[in-house]
$ cat protein02.txt   # compact mmCIF, C-alpha atoms
# COMPACT_ATOMS: atom_id res chain seq x y z
CA MET Z 23 -9.78 20.22 -30.64
CA THR Z 24 -12.04 18.43 -28.17
CA THR Z 25 -15.68 18.40 -29.19
CA ASN Z 26 -18.72 18.39 -26.95
CA GLU Z 27 -20.66 15.12 -26.76
CA VAL Z 28 -24.10 14.40 -25.31
CA ARG Z 29 -25.54 10.92 -25.33
CA GLN Z 30 -28.57 9.10 -24.02
CA VAL Z 31 -27.66 6.42 -21.48
CA ALA Z 32 -31.08 5.15 -20.32
CA SER Z 33 -34.80 5.21 -21.04
CA ALA Z 34 -37.74 3.80 -19.06
CA ASP Z 35 -41.48 4.02 -18.53
CA PHE Z 36 -42.23 6.54 -15.75
CA PRO Z 37 -45.78 6.79 -14.34
CA THR Z 38 -46.42 9.78 -12.03
CA ARG Z 39 -49.41 11.41 -10.38
CA TRP Z 40 -49.40 13.93 -13.25
CA GLY Z 41 -49.56 11.20 -15.88
CA ARG Z 42 -47.34 8.73 -17.68
CA PHE Z 43 -43.96 9.97 -18.85
CA ARG Z 44 -40.91 8.41 -20.42
CA ILE Z 45 -37.77 9.15 -18.38
CA TYR Z 46 -34.46 9.49 -20.20
CA GLY Z 47 -30.97 9.73 -18.73
CA PHE Z 48 -28.36 11.84 -20.52
CA ARG Z 49 -24.66 12.42 -19.99
CA GLY Z 50 -22.76 15.30 -21.53
CA GLU Z 51 -19.01 15.88 -21.84
CA PHE Z 52 -17.99 19.45 -22.59
CA ALA Z 53 -14.57 20.82 -23.40
CA THR Z 54 -13.33 23.42 -20.92
CA SER Z 55 -10.30 25.68 -20.84
CA GLU Z 56 -9.14 27.18 -17.57
CA GLU Z 57 -5.89 29.12 -17.33
CA GLY Z 58 -4.70 27.58 -20.59
CA MET Z 59 -5.35 24.01 -19.46
CA ASN Z 60 -7.71 21.93 -21.57
CA GLY Z 61 -10.14 19.74 -19.68
CA CYS Z 62 -13.55 18.15 -19.74
CA ARG Z 63 -16.69 18.93 -17.74
CA VAL Z 64 -19.15 16.07 -17.27
CA GLU Z 65 -22.82 16.80 -16.61
CA GLU Z 66 -25.83 14.54 -16.21
CA ALA Z 67 -29.54 15.28 -16.47
CA VAL Z 68 -32.84 13.49 -16.87
CA ALA Z 69 -35.69 14.37 -19.21
CA LEU Z 70 -39.30 13.50 -18.46
CA VAL Z 71 -41.11 13.33 -21.79
CA MET Z 72 -44.85 13.07 -22.37
CA GLY Z 73 -46.53 12.80 -25.75
CA GLU Z 74 -45.29 13.30 -29.30
CA VAL Z 75 -43.02 16.25 -28.55
CA ASP Z 76 -41.32 16.23 -31.95
CA LEU Z 77 -44.54 16.95 -33.83
CA GLY Z 78 -45.30 20.44 -32.55
CA VAL Z 79 -43.97 23.15 -30.23
CA PRO Z 80 -43.93 21.47 -26.80
CA LEU Z 81 -44.04 23.08 -23.38
CA VAL Z 82 -40.56 22.71 -21.84
CA ARG Z 83 -39.29 23.33 -18.33
CA ILE Z 84 -35.55 23.32 -17.50
CA HIS Z 85 -35.39 22.75 -13.74
CA SER Z 86 -32.22 22.92 -11.67
CA GLN Z 87 -31.93 20.41 -8.84
CA CYS Z 88 -32.91 21.78 -5.43
CA LEU Z 89 -32.66 19.14 -2.71
CA THR Z 90 -33.85 21.52 -0.01
CA GLY Z 91 -36.93 22.62 -1.93
CA ASP Z 92 -37.78 19.68 -4.18
CA VAL Z 93 -37.30 16.99 -1.52
CA PHE Z 94 -37.55 18.68 1.89
CA HIS Z 95 -40.21 21.29 0.95
CA SER Z 96 -38.08 24.25 2.03
CA LEU Z 97 -39.95 27.55 2.15
CA ARG Z 98 -36.79 29.57 1.44
CA CYS Z 99 -37.35 29.19 -2.32
CA ASP Z 100 -40.10 28.51 -4.86
CA CYS Z 101 -38.37 25.54 -6.54
CA ARG Z 102 -40.73 22.74 -5.53
CA GLN Z 103 -43.77 24.82 -6.42
CA GLN Z 104 -42.31 25.54 -9.86
CA LEU Z 105 -41.45 21.86 -10.37
CA GLU Z 106 -44.96 20.71 -9.54
CA MET Z 107 -46.51 23.51 -11.60
CA ALA Z 108 -44.49 22.44 -14.62
CA LEU Z 109 -45.43 18.76 -14.29
CA ALA Z 110 -49.08 19.67 -13.84
CA MET Z 111 -49.10 21.91 -16.92
CA ILE Z 112 -47.41 19.24 -19.04
CA GLY Z 113 -49.92 16.70 -17.74
CA GLU Z 114 -52.84 18.96 -18.64
CA GLU Z 115 -51.54 19.33 -22.19
CA ALA Z 116 -50.63 15.62 -22.37
CA ALA Z 117 -47.37 16.67 -24.01
CA GLY Z 118 -44.14 18.33 -22.96
CA ILE Z 119 -40.67 17.92 -21.51
CA LEU Z 120 -39.18 18.55 -18.09
CA ILE Z 121 -35.38 18.52 -18.00
CA TYR Z 122 -33.98 18.12 -14.48
CA GLU Z 123 -30.36 19.23 -14.22
CA GLN Z 124 -27.92 18.48 -11.41
CA GLN Z 125 -27.03 22.12 -10.78
CA GLU Z 126 -27.73 22.52 -7.07
CA GLY Z 127 -27.55 26.04 -5.65
CA ARG Z 128 -27.35 27.75 -9.06
CA GLY Z 129 -24.43 25.48 -9.87
CA ILE Z 130 -22.27 25.90 -6.75
CA GLY Z 131 -23.15 22.53 -5.17
CA LEU Z 132 -25.06 21.46 -2.09
CA MET Z 133 -22.48 22.15 0.64
CA ALA Z 134 -21.66 25.59 -0.73
CA LYS Z 135 -25.39 26.28 -0.98
CA LEU Z 136 -25.80 25.48 2.72
CA GLN Z 137 -22.88 27.79 3.50
CA ALA Z 138 -24.68 30.46 1.49
CA TYR Z 139 -27.81 29.83 3.57
CA GLU Z 140 -25.73 30.51 6.69
CA LEU Z 141 -24.54 33.81 5.26
CA GLN Z 142 -28.09 34.72 4.30
CA ASP Z 143 -29.13 34.16 7.91
CA SER Z 144 -26.66 36.92 8.84
CA GLY Z 145 -28.25 39.38 6.41
CA LEU Z 146 -26.74 38.78 2.96
CA ASP Z 147 -28.95 38.13 -0.04
CA THR Z 148 -28.45 35.11 -2.32
CA VAL Z 149 -26.17 36.93 -4.75
CA GLU Z 150 -24.03 38.51 -2.01
CA ALA Z 151 -23.71 35.14 -0.26
CA ASN Z 152 -22.52 33.37 -3.41
CA GLU Z 153 -20.01 36.11 -4.10
CA ARG Z 154 -18.73 36.09 -0.50
CA LEU Z 155 -17.97 32.40 -0.99
CA GLY Z 156 -16.00 33.18 -4.15
CA PHE Z 157 -18.62 32.17 -6.71
CA LYS Z 158 -20.49 34.02 -9.41
CA ALA Z 159 -24.09 35.00 -8.71
CA ASP Z 160 -25.18 32.13 -10.97
CA HIS Z 161 -22.77 29.39 -12.07
CA ARG Z 162 -25.23 27.47 -14.20
CA GLU Z 163 -24.82 26.72 -17.88
CA PHE Z 164 -27.62 25.48 -20.09
CA THR Z 165 -25.69 23.80 -22.90
CA LEU Z 166 -26.77 20.30 -21.88
CA PRO Z 167 -30.55 20.98 -21.94
CA ALA Z 168 -30.30 22.46 -25.44
CA GLU Z 169 -28.45 19.38 -26.71
CA ILE Z 170 -30.95 17.07 -25.01
CA LEU Z 171 -33.83 18.84 -26.74
CA LYS Z 172 -32.14 18.41 -30.12
CA LEU Z 173 -31.54 14.71 -29.45
CA LEU Z 174 -35.27 14.41 -28.71
CA GLY Z 175 -36.01 15.97 -32.09
CA VAL Z 176 -37.14 19.29 -30.64
CA THR Z 177 -35.83 22.61 -32.03
CA ARG Z 178 -38.83 24.87 -31.23
CA VAL Z 179 -40.22 25.20 -27.70
CA ARG Z 180 -42.54 27.11 -25.42
CA LEU Z 181 -40.24 27.63 -22.45
CA LEU Z 182 -41.77 27.65 -18.98
CA SER Z 183 -39.40 30.03 -17.18
CA ASN Z 184 -38.93 33.44 -15.60
CA ASN Z 185 -35.20 33.44 -16.39
CA PRO Z 186 -34.13 35.29 -19.57
CA ASP Z 187 -30.71 33.57 -19.43
CA LYS Z 188 -32.38 30.25 -20.23
CA VAL Z 189 -34.09 31.77 -23.25
CA GLU Z 190 -30.82 33.25 -24.53
CA SER Z 191 -28.89 30.01 -23.93
CA LEU Z 192 -31.37 27.91 -25.90
CA GLU Z 193 -31.48 30.43 -28.73
CA ARG Z 194 -27.66 30.50 -28.97
CA ALA Z 195 -27.62 26.71 -29.16
CA GLY Z 196 -30.10 26.60 -32.03
CA VAL Z 197 -33.35 25.93 -30.15
CA LYS Z 198 -35.99 28.53 -30.98
CA VAL Z 199 -38.02 29.80 -28.03
CA VAL Z 200 -41.35 30.56 -29.69
CA GLU Z 201 -42.90 31.69 -26.40
CA ARG Z 202 -41.72 32.28 -22.84
CA VAL Z 203 -44.45 31.00 -20.54
CA PRO Z 204 -44.31 32.55 -17.04
CA CYS Z 205 -43.56 30.12 -14.20
CA GLU Z 206 -44.87 32.18 -11.30
CA VAL Z 207 -46.21 30.67 -8.10
CA THR Z 208 -47.59 32.06 -4.85
CA PRO Z 209 -44.49 32.27 -2.64
CA SER Z 210 -44.08 31.63 1.05
CA PRO Z 211 -43.33 34.77 3.10
CA HIS Z 212 -39.95 33.12 3.80
CA ALA Z 213 -39.11 33.40 0.06
CA GLU Z 214 -39.98 37.08 -0.44
CA GLU Z 215 -36.39 38.37 -0.24
CA TYR Z 216 -35.16 35.47 -2.36
CA LEU Z 217 -37.59 36.38 -5.14
CA LYS Z 218 -36.87 40.10 -4.79
CA THR Z 219 -33.17 39.39 -5.37
CA LYS Z 220 -33.99 37.21 -8.38
CA LYS Z 221 -35.85 40.11 -9.94
CA GLU Z 222 -33.56 43.00 -9.00
CA LYS Z 223 -30.11 41.40 -9.35
CA LEU Z 224 -30.59 38.44 -11.69
CA GLY Z 225 -33.12 39.97 -14.05
CA HIS Z 226 -35.82 37.35 -13.61
CA LEU Z 227 -39.17 38.37 -15.07
CA PHE Z 228 -42.16 38.50 -12.73
CA GLY Z 229 -45.39 39.98 -14.02
CA SER Z 230 -47.01 39.95 -10.61
CA ARG Z 231 -44.16 41.46 -8.57
$ encode --input "protein02.txt" --output "structure tokens"
Amino acid sequence: MTTNEVRQVASADFPTRWGRFRIYGFRGEFATSEEGMNGCRVEEAVALVMGEVDLGVPLVRIHSQCLTGDVFHSLRCDCRQQLEMALAMIGEEAAGILIYEQQEGRGIGLMAKLQAYELQDSGLDTVEANERLGFKADHREFTLPAEILKLLGVTRVRLLSNNPDKVESLERAGVKVVERVPCEVTPSPHAEEYLKTKKEKLGHLFGSR
């Protein structure tokens, strides 16, 4: 039987405007089985680590890559705002971890995400658009972040997230979520429907909505 393997492939000093981090690169290989065929799924992620995270219960953010939001400042989502909020909060505490996963468009990839944008322009919401393209509402898996945390010596976290699936995934993998810390930002008017769909169809938790 093929076993899952996650390993660290790089580590470097990483100064940012929120403070000095250590950046780690990780690669995971996970056994898959589709239609009776055994295979292997390869995922990569980076972890930005500040402080002695293995000594307490650190603040942790698992952030999925969003080129349109994180890089181009798109107003269709709240991704960049959440990313910067997380880094700022970790900087204020002088300890914490941000794991940045390559799971663009809730795991469907960049080109499919842009196709979903096109469908949204015609009136579909984010879930309907993904499903029209033949995908699940959310294709992401959070096995890799859990294994990264354990490699960093962390098995208890305060998770900065509105997504209950992330909490459940970490718990299943043996990482205790001591507290779910809301990651709510003031959205652009362009993101109102996006956030409404997150709440109503994906079960995301918003105290202010």
$ closest_residue --input "protein02.txt" --among "Z:Val189, Z:Leu89, Z:Ala195, Z:Ile84" --to "Thr177 of chain Z" --atoms "all atoms listed in the file"
Z:Ala195
$ residues_near_point --input "protein02.txt" --point "(-30.2, 20.9, -12.8)" --cutoff "6 Å" --atoms "only C-alpha atoms" --output "list in words"
His85, Ser86, Gln87, Tyr122, Glu123, Gln124 and Gln125 of chain Z
$ closest_atom_pairs --input "protein02.txt" --of "segment 85-110 of chain Z" --to "segment 183-187 of chain Z" --cutoff "12 Å" --atoms "only C-alpha atoms" --output "Markdown table"
| residue | atom | partner | partner_atom | distance |
| --- | --- | --- | --- | --- |
| Z:His85 | CA | Z:Ser183 | CA | 9.0 |
| Z:Ser86 | CA | Z:Ser183 | CA | 11.5 |
| Z:Asp100 | CA | Z:Asn184 | CA | 11.9 |
| Z:Cys101 | CA | Z:Ser183 | CA | 11.6 |
| Z:Gln104 | CA | Z:Ser183 | CA | 9.1 |
| Z:Leu105 | CA | Z:Ser183 | CA | 10.8 |
| Z:Met107 | CA | Z:Ser183 | CA | 11.1 |
| Z:Ala108 | CA | Z:Ser183 | CA | 9.5 |
$ write_last_selection --input "protein02.txt" --atoms "C-alpha atoms" --output "PDB file, keeping the file's coordinate frame"
ATOM      1  CA  HIS Z  85     -35.390  22.750 -13.740  1.00  0.00           C
ATOM      2  CA  SER Z  86     -32.220  22.920 -11.670  1.00  0.00           C
ATOM      3  CA  ASP Z 100     -40.100  28.510  -4.860  1.00  0.00           C
ATOM      4  CA  CYS Z 101     -38.370  25.540  -6.540  1.00  0.00           C
ATOM      5  CA  GLN Z 104     -42.310  25.540  -9.860  1.00  0.00           C
ATOM      6  CA  LEU Z 105     -41.450  21.860 -10.370  1.00  0.00           C
ATOM      7  CA  MET Z 107     -46.510  23.510 -11.600  1.00  0.00           C
ATOM      8  CA  ALA Z 108     -44.490  22.440 -14.620  1.00  0.00           C
TER       9      ALA Z 108
END
$ atom_distance --input "protein02.txt" --atom1 "atom CA of Glu169 of chain Z" --atom2 "atom CA of Glu51 of chain Z"
11.2 Å
$ atom_distance --input "protein02.txt" --atom1 "atom CA of Ser96 of chain Z" --atom2 "atom CA of Ile130 of chain Z"
18.2 Å
$ atom_distance --input "protein02.txt" --atom1 "atom CA of Glu126 of chain Z" --atom2 "atom CA of Asp143 of chain Z"
19.0 Å
$ closest_residue --input "protein02.txt" --among "Z:Gln30, Z:Ser144, Z:Gln137, Z:Gln103" --to "Ala213 of chain Z" --atoms "all atoms listed in the file"
Z:Gln103
$ closest_residue --input "protein02.txt" --among "Z:Leu192, Z:Met111, Z:Val199, Z:Val31" --to "Ala67 of chain Z" --atoms "only C-alpha atoms"
Z:Val31
$ closest_residue --input "protein02.txt" --among "Z:Gly78, Z:Glu106, Z:Ile170, Z:Ala32" --to "Asp92 of chain Z" --atoms "all atoms listed in the file"
Z:Glu106
$ residues_around --input "protein02.txt" --residues "Leu70 of chain Z" --least-positions-apart "6" --cutoff "6 Å" --atoms "all atoms listed in the file" --output "PyMOL selection string"
chain Z and resi 43-45+119-120
$ write_last_selection --input "protein02.txt" --atoms "C-alpha atoms" --output "PDB file, in the coordinates of the input"
ATOM      1  CA  PHE Z  43     -43.960   9.970 -18.850  1.00  0.00           C
ATOM      2  CA  ARG Z  44     -40.910   8.410 -20.420  1.00  0.00           C
ATOM      3  CA  ILE Z  45     -37.770   9.150 -18.380  1.00  0.00           C
ATOM      4  CA  ILE Z 119     -40.670  17.920 -21.510  1.00  0.00           C
ATOM      5  CA  LEU Z 120     -39.180  18.550 -18.090  1.00  0.00           C
TER       6      LEU Z 120
END
$ closest_residue --input "protein02.txt" --among "Z:Arg102, Z:Arg49, Z:Arg180, Z:Arg162" --to "Gly129 of chain Z" --atoms "all atoms listed in the file"
Z:Arg162
$ closest_residue --input "protein02.txt" --among "Z:His226, Z:Ala151, Z:Leu166, Z:Leu97" --to "Ser210 of chain Z" --atoms "only C-alpha atoms"
Z:Leu97
